[in-house]
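Engineer: Sharing coords.tsv here; it has TSV, C-alpha atoms.
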```tsv
chain	number	residue	atom	x	y	z
A	1	MET	CA	6.72	2.10	-18.31
A	2	GLY	CA	8.50	0.16	-15.62
A	3	LYS	CA	9.95	-3.32	-15.43
A	4	PHE	CA	9.96	-6.33	-13.14
A	5	ILE	CA	13.09	-7.35	-11.27
A	6	ASP	CA	13.65	-9.98	-8.59
A	7	LEU	CA	14.42	-8.93	-5.02
A	8	GLN	CA	15.51	-11.23	-2.21
A	9	ALA	CA	13.97	-11.33	1.25
A	10	ALA	CA	15.92	-11.98	4.45
A	11	ASP	CA	14.97	-15.68	4.37
A	12	GLY	CA	16.33	-16.06	0.83
A	13	LEU	CA	13.04	-16.01	-1.07
A	14	ARG	CA	13.30	-14.23	-4.40
A	15	PHE	CA	10.14	-12.45	-5.52
A	16	PRO	CA	9.20	-10.24	-8.48
A	17	THR	CA	8.92	-6.51	-7.93
A	18	TYR	CA	7.73	-3.84	-10.34
A	19	ILE	CA	10.10	-0.89	-10.59
A	20	ALA	CA	9.16	2.45	-12.14
A	21	GLU	CA	11.87	5.10	-12.37
A	22	PRO	CA	11.49	8.87	-12.62
A	23	SER	CA	12.80	10.63	-15.71
A	24	GLY	CA	15.32	12.67	-13.72
A	25	LYS	CA	16.98	12.45	-10.32
A	26	ALA	CA	14.62	10.86	-7.83
A	27	ARG	CA	13.13	12.97	-5.05
A	28	GLY	CA	13.14	9.81	-2.94
A	29	ALA	CA	11.23	6.55	-3.17
A	30	VAL	CA	7.74	5.18	-2.67
A	31	VAL	CA	6.95	1.52	-1.99
A	32	VAL	CA	3.53	0.71	-3.49
A	33	LEU	CA	1.62	-2.19	-1.95
A	34	GLN	CA	-0.94	-4.08	-4.01
A	35	GLU	CA	-4.59	-4.82	-3.41
A	36	ILE	CA	-5.75	-8.45	-3.32
A	37	PHE	CA	-5.45	-8.56	-7.11
A	38	GLY	CA	-1.68	-8.77	-7.48
A	39	VAL	CA	0.71	-6.32	-9.09
A	40	ASN	CA	-1.81	-5.91	-11.88
A	41	SER	CA	-2.19	-3.20	-14.49
A	42	HIS	CA	-3.78	-0.82	-11.99
A	43	ILE	CA	-1.01	-1.14	-9.41
A	44	ARG	CA	1.60	-0.80	-12.13
A	45	SER	CA	-0.14	2.38	-13.29
A	46	VAL	CA	-0.12	3.71	-9.71
A	47	ALA	CA	3.62	3.02	-9.52
A	48	ASP	CA	4.12	4.70	-12.90
A	49	GLY	CA	2.22	7.70	-11.54
A	50	TYR	CA	4.54	8.07	-8.56
A	51	ALA	CA	7.51	7.78	-10.89
A	52	ALA	CA	6.03	10.59	-12.99
A	53	ASP	CA	5.81	12.59	-9.77
A	54	GLY	CA	9.55	12.18	-9.31
A	55	TYR	CA	9.87	9.12	-7.10
A	56	LEU	CA	11.46	5.72	-7.57
A	57	ALA	CA	8.39	3.47	-7.23
A	58	VAL	CA	8.82	-0.10	-5.98
A	59	ALA	CA	5.82	-2.48	-6.01
A	60	PRO	CA	6.61	-5.92	-4.56
A	61	SER	CA	4.51	-8.98	-5.32
A	62	THR	CA	3.14	-9.72	-1.86
A	63	PHE	CA	1.39	-12.90	-3.06
A	64	HIS	CA	4.54	-14.60	-4.32
A	65	ARG	CA	5.02	-16.66	-1.15
A	66	VAL	CA	1.79	-18.53	-1.87
A	67	LYS	CA	1.35	-18.15	-5.64
A	68	ALA	CA	3.52	-16.77	-8.42
A	69	GLY	CA	2.41	-14.47	-11.21
A	70	VAL	CA	-0.87	-13.26	-9.75
A	71	ASP	CA	-2.47	-10.63	-12.02
A	72	LEU	CA	-6.22	-10.45	-11.42
A	73	GLY	CA	-9.01	-8.20	-12.60
A	74	TYR	CA	-12.05	-7.08	-10.62
A	75	THR	CA	-14.79	-9.61	-11.35
A	76	GLY	CA	-16.53	-11.51	-8.58
A	77	GLU	CA	-14.37	-14.53	-9.35
A	78	ASP	CA	-11.24	-12.36	-9.12
A	79	VAL	CA	-12.34	-10.99	-5.76
A	80	ALA	CA	-12.87	-14.52	-4.42
A	81	ALA	CA	-9.50	-15.68	-5.74
A	82	GLY	CA	-7.71	-12.65	-4.31
A	83	ALA	CA	-9.38	-13.01	-0.93
A	84	ALA	CA	-8.31	-16.65	-0.74
A	85	LEU	CA	-4.70	-15.75	-1.57
A	86	LYS	CA	-4.73	-12.97	1.02
A	87	ALA	CA	-5.95	-15.46	3.64
A	88	GLN	CA	-3.07	-17.79	2.77
A	89	VAL	CA	-0.49	-15.02	3.14
A	90	GLU	CA	-2.04	-13.80	6.39
A	91	ALA	CA	-1.78	-17.36	7.75
A	92	LEU	CA	1.99	-17.55	7.16
A	93	PRO	CA	4.14	-17.62	10.30
A	94	ALA	CA	5.68	-14.29	11.26
A	95	PRO	CA	7.28	-12.30	9.78
A	96	GLY	CA	5.66	-13.65	6.62
A	97	VAL	CA	5.31	-11.13	3.83
A	98	LEU	CA	6.68	-8.28	5.96
A	99	GLN	CA	10.19	-9.48	5.12
A	100	ASP	CA	9.41	-9.02	1.42
A	101	ILE	CA	8.18	-5.49	2.09
A	102	GLY	CA	11.36	-4.92	4.09
A	103	ALA	CA	13.47	-5.98	1.11
A	104	ALA	CA	11.49	-3.60	-1.11
A	105	ILE	CA	12.18	-0.76	1.34
A	106	GLN	CA	15.89	-1.57	1.34
A	107	HIS	CA	15.97	-1.54	-2.47
A	108	ALA	CA	14.01	1.70	-2.60
A	109	ALA	CA	16.46	3.41	-0.24
A	110	GLN	CA	18.98	3.73	-3.07
A	111	ALA	CA	16.90	6.75	-4.14
A	112	GLY	CA	16.97	8.41	-0.69
A	113	LYS	CA	14.20	8.59	1.90
A	114	VAL	CA	11.40	6.04	1.54
A	115	GLY	CA	7.64	6.43	1.96
A	116	ILE	CA	5.05	3.70	1.54
A	117	VAL	CA	1.50	3.68	0.17
A	118	GLY	CA	-0.91	0.77	-0.11
A	119	TYR	CA	-4.47	0.03	-1.14
A	120	CYS	CA	-7.06	-2.37	0.28
A	121	TRP	CA	-5.02	-5.26	1.74
A	122	GLY	CA	-1.96	-3.20	0.83
A	123	GLY	CA	-3.35	-0.48	3.08
A	124	LEU	CA	-3.34	-2.90	6.00
A	125	LEU	CA	0.21	-3.98	5.16
A	126	THR	CA	1.22	-0.32	4.91
A	127	TRP	CA	-0.04	0.28	8.44
A	128	ARG	CA	1.83	-2.77	9.71
A	129	ALA	CA	4.99	-1.67	7.91
A	130	ALA	CA	4.73	1.78	9.50
A	131	CYS	CA	4.53	0.12	12.92
A	132	LEU	CA	6.94	-2.79	12.55
A	133	LEU	CA	9.56	-2.13	9.87
A	134	ASP	CA	12.62	0.10	9.72
A	135	GLY	CA	13.71	2.32	6.86
A	136	LEU	CA	10.53	4.33	6.30
A	137	VAL	CA	9.87	8.03	6.90
A	138	ALA	CA	6.14	8.16	6.04
A	139	ALA	CA	3.16	5.90	5.30
A	140	ALA	CA	-0.16	6.48	3.54
A	141	PRO	CA	-2.61	3.56	3.73
A	142	TYR	CA	-5.77	3.70	1.63
A	143	TYR	CA	-8.87	1.92	3.01
A	144	GLY	CA	-6.80	-0.73	4.73
A	145	GLY	CA	-9.18	-3.58	5.42
A	146	GLY	CA	-8.57	-4.77	8.97
A	147	ALA	CA	-6.43	-1.79	9.97
A	148	THR	CA	-9.23	-0.47	12.18
A	149	LEU	CA	-9.72	-3.72	14.11
A	150	PRO	CA	-8.57	-3.75	17.76
A	151	ALA	CA	-5.43	-5.84	17.18
A	152	GLU	CA	-4.21	-3.40	14.54
A	153	ILE	CA	-5.29	-0.27	16.41
A	154	ALA	CA	-3.15	-1.49	19.31
A	155	ARG	CA	0.01	-1.09	17.22
A	156	GLN	CA	2.14	2.05	17.50
A	157	THR	CA	3.49	3.69	14.38
A	158	LYS	CA	7.17	4.58	14.01
A	159	VAL	CA	6.61	7.21	11.31
A	160	PRO	CA	4.05	9.86	10.30
A	161	VAL	CA	0.91	8.31	8.81
A	162	MET	CA	-1.84	9.73	6.60
A	163	ALA	CA	-4.81	7.34	6.33
A	164	HIS	CA	-7.59	7.52	3.72
A	165	PHE	CA	-11.06	5.98	4.18
A	166	GLY	CA	-14.45	6.13	2.44
A	167	ASP	CA	-17.66	6.66	4.40
A	168	LYS	CA	-19.59	4.33	2.05
A	169	ASP	CA	-17.11	1.48	2.59
A	170	THR	CA	-19.07	-1.49	3.95
A	171	HIS	CA	-15.80	-3.38	4.54
A	172	ILE	CA	-14.58	-0.75	7.03
A	173	PRO	CA	-17.44	0.54	9.22
A	174	MET	CA	-17.14	4.20	10.15
A	175	GLU	CA	-17.36	3.46	13.86
A	176	THR	CA	-14.11	1.50	13.54
A	177	VAL	CA	-12.51	4.38	11.64
A	178	GLU	CA	-13.51	6.66	14.53
A	179	ALA	CA	-12.00	4.19	17.00
A	180	PHE	CA	-8.79	4.25	14.97
A	181	ARG	CA	-8.81	8.05	14.88
A	182	MET	CA	-9.39	8.33	18.63
A	183	ALA	CA	-6.62	5.84	19.42
A	184	HIS	CA	-4.14	7.52	17.09
A	185	PRO	CA	-4.45	11.31	17.25
A	186	GLU	CA	-0.99	11.49	15.69
A	187	VAL	CA	-2.35	9.97	12.45
A	188	GLU	CA	-3.82	12.32	9.85
A	189	VAL	CA	-7.13	10.64	8.96
A	190	HIS	CA	-9.15	11.70	5.91
A	191	VAL	CA	-12.64	10.39	5.15
A	192	TYR	CA	-14.18	10.78	1.69
A	193	SER	CA	-17.74	10.44	0.45
A	194	ALA	CA	-16.73	7.30	-1.41
A	195	ASN	CA	-16.71	3.52	-1.36
A	196	HIS	CA	-14.01	0.91	-0.86
A	197	GLY	CA	-11.55	0.98	-3.75
A	198	PHE	CA	-12.32	4.59	-4.67
A	199	ASN	CA	-8.78	5.12	-5.96
A	200	CYS	CA	-8.95	2.33	-8.57
A	201	ASP	CA	-10.15	3.51	-11.98
A	202	GLN	CA	-10.76	-0.11	-13.02
A	203	ARG	CA	-13.41	-0.71	-10.35
A	204	GLY	CA	-17.05	0.27	-10.26
A	205	SER	CA	-16.38	1.98	-6.93
A	206	TYR	CA	-13.93	4.41	-8.51
A	207	ASP	CA	-14.58	7.99	-7.41
A	208	GLU	CA	-12.52	10.44	-9.44
A	209	PRO	CA	-12.90	13.51	-7.17
A	210	ALA	CA	-12.03	11.49	-4.05
A	211	ALA	CA	-9.09	9.80	-5.80
A	212	ARG	CA	-7.77	13.13	-7.04
A	213	LEU	CA	-8.03	14.80	-3.63
A	214	ALA	CA	-6.46	11.83	-1.84
A	215	LYS	CA	-3.55	11.79	-4.30
A	216	HIS	CA	-3.07	15.56	-3.88
A	217	ARG	CA	-2.93	15.13	-0.11
A	218	THR	CA	-0.65	12.11	-0.33
A	219	LEU	CA	1.79	13.90	-2.63
A	220	ALA	CA	1.93	16.89	-0.27
A	221	PHE	CA	2.55	14.47	2.60
A	222	LEU	CA	5.36	12.75	0.66
A	223	ARG	CA	6.89	16.08	-0.32
A	224	LYS	CA	7.03	17.01	3.37
A	225	HIS	CA	8.56	13.78	4.64
A	226	VAL	CA	10.30	12.09	1.70
A	227	GLY	CA	11.32	14.97	-0.54
```
Would you mind writing the structure in this file as C-alpha cells?
Structural biologist:
Amino acid sequence: MGKFIDLQAADGLRFPTYIAEPSGKARGAVVVLQEIFGVNSHIRSVADGYAADGYLAVAPSTFHRVKAGVDLGYTGEDVAAGAALKAQVEALPAPGVLQDIGAAIQHAAQAGKVGIVGYCWGGLLTWRAACLLDGLVAAAPYYGGGATLPAEIARQTKVPVMAHFGDKDTHIPMETVEAFRMAHPEVEVHVYSANHGFNCDQRGSYDEPAARLAKHRTLAFLRKHVG
C-alpha cells in the first residue's frame, strides 16, 4: 500500500501524488499517469504493481489544476465527468499539466533512472512527456487517445517509446495507429486483439491475456532502459 504526498510544480501549485515504494532498494522509478478517472483504486493498484516489481512508483493527480480529489469509477456518468475534466485540463494554457508531470519526474529521480507509463488520457500525456519533458529514459503509453492524431504524430520523442494499442478500440482507429507507426519507426508499437481500456480490470473492456502480455513487454522494456 502506498500513500499520498503533495508535490509542487514549477509555478508553485501543490498537487497530491500517490507514492508506492518497493520493499527493497529501487531498481529505478516509474511515473504512472492516470486515465480520465483520477488517481482511483485502479491506478493506485497499477502503481502498487510497479512497486512490487521493484520500482518507486509515482502517480500524480493530473486533474488537480481543475478539480481536487477526483476518484471516479467506470459508469457512464463517470466517463462523462472524466471527459469533461480532461477537456478542462487540455484547455489550460501551456505548459498546463505537463509541469505537474515534470515535478513527478523530478521526485521520482531520487530512485535513479525514470520511466513513464500512462493509460487512456494518461497514454497521451505519456507521449507528450516523452517528446517535451526532460528527465526520462523510457516511455510506455497505453491506448493514448489523441496520440495518433496529426498534431501529436508530428512530435519527436526524446527517449525510447513502446506504445500499446487495441485493434477493437473505436476511440483510436487502426488507420491512425498505422499512420503513427509509419511516422515513428523508432517507436516499438504493439497491437492487441482487445478494446480500449484492456489493461483495467475494473472495466468491461478488460482483457486479461492482452493486459498480461503488455505488462510483460513493458517490464522488459523498463528493465532495459530504467534498470
Engineer: What's the separation between atom CA of Thr75 of chain A and atom CA of Glu208 of chain A, in Å to one decimal place?
Structural biologist: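 Spanning atom CA of Thr75 of chain A to atom CA of Glu208 of chain A is a straight-line distance of 20.3 Å.
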Engineer: Need to verify the contact set: Asp11 of chain A, 12 Å, all atoms listed in the file, exclusion of same-chain residues closer than 5 positions in sequence. Can you return it as a VMD selection string?
Structural biologist: chain A and resid 65 94 to 100 102 to 103
Engineer: Could you write those residues out with C-alpha atoms, as a PDB file, in the coordinates of the input?
Structural biologist:
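Generated output (out-v7.pdb):
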```pdb
ATOM      1  CA  ARG A  65       5.020 -16.660  -1.150  1.00  0.00           C
ATOM      2  CA  ALA A  94       5.680 -14.290  11.260  1.00  0.00           C
ATOM      3  CA  PRO A  95       7.280 -12.300   9.780  1.00  0.00           C
ATOM      4  CA  GLY A  96       5.660 -13.650   6.620  1.00  0.00           C
ATOM      5  CA  VAL A  97       5.310 -11.130   3.830  1.00  0.00           C
ATOM      6  CA  LEU A  98       6.680  -8.280   5.960  1.00  0.00           C
ATOM      7  CA  GLN A  99      10.190  -9.480   5.120  1.00  0.00           C
ATOM      8  CA  ASP A 100       9.410  -9.020   1.420  1.00  0.00           C
ATOM      9  CA  GLY A 102      11.360  -4.920   4.090  1.00  0.00           C
ATOM     10  CA  ALA A 103      13.470  -5.980   1.110  1.00  0.00           C
TER      11      ALA A 103
END
```
Engineer: May I have the residues at most 12 Å from (-13.1, 2.9, 17.6) in the file's coordinates, counting all atoms listed in the file, as JSON, numbers by chain?
Structural biologist: {"A": [147, 148, 149, 150, 151, 152, 153, 154, 172, 173, 174, 175, 176, 177, 178, 179, 180, 181, 182, 183, 184]}
Engineer: Atoms to include: C-alpha atoms. Write the selected residues as an mmCIF file, keeping the file's coordinate frame.
Structural biologist:
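In the end it all went to selection_30.cif:
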```cif
data_model
loop_
_atom_site.group_PDB
_atom_site.id
_atom_site.type_symbol
_atom_site.label_atom_id
_atom_site.label_comp_id
_atom_site.auth_asym_id
_atom_site.auth_seq_id
_atom_site.Cartn_x
_atom_site.Cartn_y
_atom_site.Cartn_z
ATOM 1 C CA ALA A 147 -6.430 -1.790 9.970
ATOM 2 C CA THR A 148 -9.230 -0.470 12.180
ATOM 3 C CA LEU A 149 -9.720 -3.720 14.110
ATOM 4 C CA PRO A 150 -8.570 -3.750 17.760
ATOM 5 C CA ALA A 151 -5.430 -5.840 17.180
ATOM 6 C CA GLU A 152 -4.210 -3.400 14.540
ATOM 7 C CA ILE A 153 -5.290 -0.270 16.410
ATOM 8 C CA ALA A 154 -3.150 -1.490 19.310
ATOM 9 C CA ILE A 172 -14.580 -0.750 7.030
ATOM 10 C CA PRO A 173 -17.440 0.540 9.220
ATOM 11 C CA MET A 174 -17.140 4.200 10.150
ATOM 12 C CA GLU A 175 -17.360 3.460 13.860
ATOM 13 C CA THR A 176 -14.110 1.500 13.540
ATOM 14 C CA VAL A 177 -12.510 4.380 11.640
ATOM 15 C CA GLU A 178 -13.510 6.660 14.530
ATOM 16 C CA ALA A 179 -12.000 4.190 17.000
ATOM 17 C CA PHE A 180 -8.790 4.250 14.970
ATOM 18 C CA ARG A 181 -8.810 8.050 14.880
ATOM 19 C CA MET A 182 -9.390 8.330 18.630
ATOM 20 C CA ALA A 183 -6.620 5.840 19.420
ATOM 21 C CA HIS A 184 -4.140 7.520 17.090
#
```
Engineer: Using Å and a single decimal, report how far atom CA of Val161 of chain A sits from atom CA of Ala130 of chain A.
Structural biologist: 7.6 Å
Engineer: As a VMD selection string, please: the residues near Val187 of chain A (cut-off 10 Å, all atoms listed in the file, same-chain neighbours under 6 positions excluded).
Structural biologist: chain A and resid 139 to 140 157 159 to 163 180 to 181
Engineer: Which residue out of A:Ala29, A:Trp121, A:Gly38, A:Gln202 has the minimum interatomic distance to Gly54 of chain A when all atoms listed in the file are used?
Structural biologist: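 Looking at the shortest contact to Gly54 of chain A, the residue is A:Ala29.
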Engineer: Quick one: of A:Gly69, A:Gly24, A:Gly2, A:Pro60, who's nearest to Ile116 of chain A, counting all atoms listed in the file?
Structural biologist: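 Smallest distance to Ile116 of chain A is found for A:Pro60.
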Engineer: Pick from A:Thr170, A:Thr218, A:Gln34, A:Ser23: nearest to Ala51 of chain A, with all atoms listed in the file counted?
Structural biologist: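 With all atoms listed in the file as the atom set, the closest residue is A:Ser23.
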Engineer: Report, in Å to a single decimal, how far apart atom CA of Tyr143 of chain A and atom CA of Leu124 of chain A are.
Structural biologist: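 So the two atoms, atom CA of Leu124 of chain A and atom CA of Tyr143 of chain A, lie 7.9 Å apart.
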Engineer: With distances taken over all atoms listed in the file, which residue among A:Pro209, A:Leu92, A:His164, A:Arg44 lies nearest Val191 of chain A?
Structural biologist: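 With all atoms listed in the file as the atom set, the closest residue is A:His164.
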Engineer: Which residue is closest to Val137 of chain A? Choose from A:Pro185, A:Val226, A:Ala52, A:Gln110 and count all atoms listed in the file.
Structural biologist: A:Val226
Engineer: Counting only C-alpha atoms, which residues come within 8 Å of (-14.9, 1.8, 2.6), with the point read in the file's coordinates, and could you list them as a PyMOL selection string?
Structural biologist: chain A and resi 143+165-173+194-197
Engineer: For Val114 of chain A, list every protein, DNA or RNA residue within 8 Å, evaluated using only C-alpha atoms, and leave out those in the same chain fewer than 2 positions away; present the list as a list in words.
Structural biologist: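 Selected residues are Gly28, Ala29, Val30, Val31, Ile105, Ala108, Ala109, Ala111, Gly112, Ile116, Gly135, Leu136, Val137, Ala138 and Val226 of chain A.
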Engineer: Between A:Ser45, A:Gln8, A:Thr17, A:Asn199, which residue has the minimum interatomic distance to Ser61 of chain A, considering all atoms listed in the file?
Structural biologist: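 Once distances to Ser61 of chain A are computed over all atoms listed in the file, the minimum belongs to A:Thr17.
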Engineer: Let me have the centre and edge lengths in Å, one decimal, of the box along x, y and z around every listed atom of segment 15-20 of chain A with 6 Å of margin on each side, as AutoDock Vina command-line options.
Structural biologist:
```
--center_x 8.9 --center_y -5.0 --center_z -8.8 --size_x 14.4 --size_y 26.9 --size_z 18.6
```
Engineer: Kindly write segment 53-90 of chain A with N, CA and C atoms to a file, as a PDB file, in the first residue's frame.
Structural biologist:
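Output file decode-v3.pdb is given in full below:
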```
ATOM      1  N   ASP A  53       7.244  -4.743  -8.467  1.00  0.00           N
ATOM      2  CA  ASP A  53       8.247  -5.129  -9.458  1.00  0.00           C
ATOM      3  C   ASP A  53       9.600  -4.474  -9.212  1.00  0.00           C
ATOM      4  N   GLY A  54       9.701  -3.680  -8.153  1.00  0.00           N
ATOM      5  CA  GLY A  54      10.984  -3.133  -7.756  1.00  0.00           C
ATOM      6  C   GLY A  54      11.211  -1.664  -8.039  1.00  0.00           C
ATOM      7  N   TYR A  55      10.172  -0.969  -8.481  1.00  0.00           N
ATOM      8  CA  TYR A  55      10.325   0.446  -8.836  1.00  0.00           C
ATOM      9  C   TYR A  55       9.630   1.361  -7.830  1.00  0.00           C
ATOM     10  N   LEU A  56      10.195   2.548  -7.643  1.00  0.00           N
ATOM     11  CA  LEU A  56       9.456   3.611  -6.969  1.00  0.00           C
ATOM     12  C   LEU A  56       8.401   4.087  -7.950  1.00  0.00           C
ATOM     13  N   ALA A  57       7.132   3.993  -7.591  1.00  0.00           N
ATOM     14  CA  ALA A  57       6.033   4.383  -8.479  1.00  0.00           C
ATOM     15  C   ALA A  57       5.435   5.701  -8.002  1.00  0.00           C
ATOM     16  N   VAL A  58       5.272   6.625  -8.927  1.00  0.00           N
ATOM     17  CA  VAL A  58       4.817   7.986  -8.621  1.00  0.00           C
ATOM     18  C   VAL A  58       3.645   8.314  -9.540  1.00  0.00           C
ATOM     19  N   ALA A  59       2.454   8.500  -8.960  1.00  0.00           N
ATOM     20  CA  ALA A  59       1.242   8.728  -9.761  1.00  0.00           C
ATOM     21  C   ALA A  59       0.635  10.088  -9.416  1.00  0.00           C
ATOM     22  N   PRO A  60       0.949  11.119 -10.198  1.00  0.00           N
ATOM     23  CA  PRO A  60       0.438  12.461  -9.899  1.00  0.00           C
ATOM     24  C   PRO A  60      -1.030  12.613 -10.271  1.00  0.00           C
ATOM     25  N   SER A  61      -1.717  13.449  -9.522  1.00  0.00           N
ATOM     26  CA  SER A  61      -3.109  13.784  -9.839  1.00  0.00           C
ATOM     27  C   SER A  61      -3.108  14.844 -10.929  1.00  0.00           C
ATOM     28  N   THR A  62      -3.357  14.420 -12.159  1.00  0.00           N
ATOM     29  CA  THR A  62      -3.291  15.364 -13.277  1.00  0.00           C
ATOM     30  C   THR A  62      -4.587  16.130 -13.485  1.00  0.00           C
ATOM     31  N   PHE A  63      -5.571  15.937 -12.617  1.00  0.00           N
ATOM     32  CA  PHE A  63      -6.803  16.727 -12.651  1.00  0.00           C
ATOM     33  C   PHE A  63      -6.790  17.865 -11.627  1.00  0.00           C
ATOM     34  N   HIS A  64      -5.792  17.907 -10.761  1.00  0.00           N
ATOM     35  CA  HIS A  64      -5.854  18.789  -9.601  1.00  0.00           C
ATOM     36  C   HIS A  64      -5.949  20.260  -9.995  1.00  0.00           C
ATOM     37  N   ARG A  65      -5.431  20.629 -11.154  1.00  0.00           N
ATOM     38  CA  ARG A  65      -5.487  22.030 -11.574  1.00  0.00           C
ATOM     39  C   ARG A  65      -6.913  22.499 -11.835  1.00  0.00           C
ATOM     40  N   VAL A  66      -7.819  21.571 -12.105  1.00  0.00           N
ATOM     41  CA  VAL A  66      -9.203  21.967 -12.375  1.00  0.00           C
ATOM     42  C   VAL A  66     -10.179  21.464 -11.320  1.00  0.00           C
ATOM     43  N   LYS A  67      -9.825  20.357 -10.628  1.00  0.00           N
ATOM     44  CA  LYS A  67     -10.692  19.843  -9.571  1.00  0.00           C
ATOM     45  C   LYS A  67      -9.891  18.934  -8.655  1.00  0.00           C
ATOM     46  N   ALA A  68     -10.041  19.152  -7.360  1.00  0.00           N
ATOM     47  CA  ALA A  68      -9.305  18.362  -6.371  1.00  0.00           C
ATOM     48  C   ALA A  68     -10.052  17.069  -6.042  1.00  0.00           C
ATOM     49  N   GLY A  69      -9.296  16.065  -5.663  1.00  0.00           N
ATOM     50  CA  GLY A  69      -9.865  14.844  -5.101  1.00  0.00           C
ATOM     51  C   GLY A  69     -10.683  13.998  -6.055  1.00  0.00           C
ATOM     52  N   VAL A  70     -10.344  13.997  -7.322  1.00  0.00           N
ATOM     53  CA  VAL A  70     -11.115  13.214  -8.289  1.00  0.00           C
ATOM     54  C   VAL A  70     -10.791  11.726  -8.131  1.00  0.00           C
ATOM     55  N   ASP A  71     -11.824  10.927  -7.921  1.00  0.00           N
ATOM     56  CA  ASP A  71     -11.669   9.469  -7.758  1.00  0.00           C
ATOM     57  C   ASP A  71     -12.944   8.834  -8.299  1.00  0.00           C
ATOM     58  N   LEU A  72     -12.958   8.582  -9.618  1.00  0.00           N
ATOM     59  CA  LEU A  72     -14.158   8.116 -10.294  1.00  0.00           C
ATOM     60  C   LEU A  72     -14.121   6.613 -10.546  1.00  0.00           C
ATOM     61  N   GLY A  73     -15.302   6.066 -10.793  1.00  0.00           N
ATOM     62  CA  GLY A  73     -15.422   4.692 -11.234  1.00  0.00           C
ATOM     63  C   GLY A  73     -15.550   4.648 -12.747  1.00  0.00           C
ATOM     64  N   TYR A  74     -16.315   3.664 -13.263  1.00  0.00           N
ATOM     65  CA  TYR A  74     -16.356   3.452 -14.708  1.00  0.00           C
ATOM     66  C   TYR A  74     -17.779   3.386 -15.257  1.00  0.00           C
ATOM     67  N   THR A  75     -18.719   4.035 -14.581  1.00  0.00           N
ATOM     68  CA  THR A  75     -20.074   4.117 -15.106  1.00  0.00           C
ATOM     69  C   THR A  75     -20.129   5.139 -16.234  1.00  0.00           C
ATOM     70  N   GLY A  76     -21.252   5.180 -16.936  1.00  0.00           N
ATOM     71  CA  GLY A  76     -21.426   6.184 -17.977  1.00  0.00           C
ATOM     72  C   GLY A  76     -21.308   7.595 -17.435  1.00  0.00           C
ATOM     73  N   GLU A  77     -21.864   7.814 -16.238  1.00  0.00           N
ATOM     74  CA  GLU A  77     -21.770   9.140 -15.627  1.00  0.00           C
ATOM     75  C   GLU A  77     -20.316   9.477 -15.306  1.00  0.00           C
ATOM     76  N   ASP A  78     -19.552   8.481 -14.844  1.00  0.00           N
ATOM     77  CA  ASP A  78     -18.149   8.707 -14.533  1.00  0.00           C
ATOM     78  C   ASP A  78     -17.360   9.046 -15.796  1.00  0.00           C
ATOM     79  N   VAL A  79     -17.657   8.352 -16.874  1.00  0.00           N
ATOM     80  CA  VAL A  79     -16.985   8.630 -18.146  1.00  0.00           C
ATOM     81  C   VAL A  79     -17.250  10.068 -18.580  1.00  0.00           C
ATOM     82  N   ALA A  80     -18.503  10.503 -18.485  1.00  0.00           N
ATOM     83  CA  ALA A  80     -18.855  11.870 -18.876  1.00  0.00           C
ATOM     84  C   ALA A  80     -18.151  12.894 -17.994  1.00  0.00           C
ATOM     85  N   ALA A  81     -18.122  12.623 -16.692  1.00  0.00           N
ATOM     86  CA  ALA A  81     -17.460  13.549 -15.765  1.00  0.00           C
ATOM     87  C   ALA A  81     -15.964  13.617 -16.049  1.00  0.00           C
ATOM     88  N   GLY A  82     -15.347  12.455 -16.272  1.00  0.00           N
ATOM     89  CA  GLY A  82     -13.919  12.423 -16.546  1.00  0.00           C
ATOM     90  C   GLY A  82     -13.565  13.103 -17.853  1.00  0.00           C
ATOM     91  N   ALA A  83     -14.400  12.905 -18.872  1.00  0.00           N
ATOM     92  CA  ALA A  83     -14.145  13.539 -20.158  1.00  0.00           C
ATOM     93  C   ALA A  83     -14.227  15.058 -20.048  1.00  0.00           C
ATOM     94  N   ALA A  84     -15.171  15.544 -19.252  1.00  0.00           N
ATOM     95  CA  ALA A  84     -15.306  16.987 -19.066  1.00  0.00           C
ATOM     96  C   ALA A  84     -14.083  17.564 -18.349  1.00  0.00           C
ATOM     97  N   LEU A  85     -13.592  16.857 -17.342  1.00  0.00           N
ATOM     98  CA  LEU A  85     -12.402  17.308 -16.619  1.00  0.00           C
ATOM     99  C   LEU A  85     -11.173  17.292 -17.526  1.00  0.00           C
ATOM    100  N   LYS A  86     -11.047  16.238 -18.324  1.00  0.00           N
ATOM    101  CA  LYS A  86      -9.937  16.174 -19.281  1.00  0.00           C
ATOM    102  C   LYS A  86      -9.976  17.383 -20.208  1.00  0.00           C
ATOM    103  N   ALA A  87     -11.155  17.719 -20.718  1.00  0.00           N
ATOM    104  CA  ALA A  87     -11.280  18.856 -21.627  1.00  0.00           C
ATOM    105  C   ALA A  87     -10.836  20.156 -20.951  1.00  0.00           C
ATOM    106  N   GLN A  88     -11.166  20.296 -19.669  1.00  0.00           N
ATOM    107  CA  GLN A  88     -10.745  21.493 -18.938  1.00  0.00           C
ATOM    108  C   GLN A  88      -9.228  21.565 -18.814  1.00  0.00           C
ATOM    109  N   VAL A  89      -8.599  20.424 -18.502  1.00  0.00           N
ATOM    110  CA  VAL A  89      -7.143  20.417 -18.368  1.00  0.00           C
ATOM    111  C   VAL A  89      -6.475  20.674 -19.717  1.00  0.00           C
ATOM    112  N   GLU A  90      -7.014  20.059 -20.767  1.00  0.00           N
ATOM    113  CA  GLU A  90      -6.436  20.243 -22.102  1.00  0.00           C
ATOM    114  C   GLU A  90      -6.544  21.697 -22.561  1.00  0.00           C
TER     115      GLU A  90
END
```
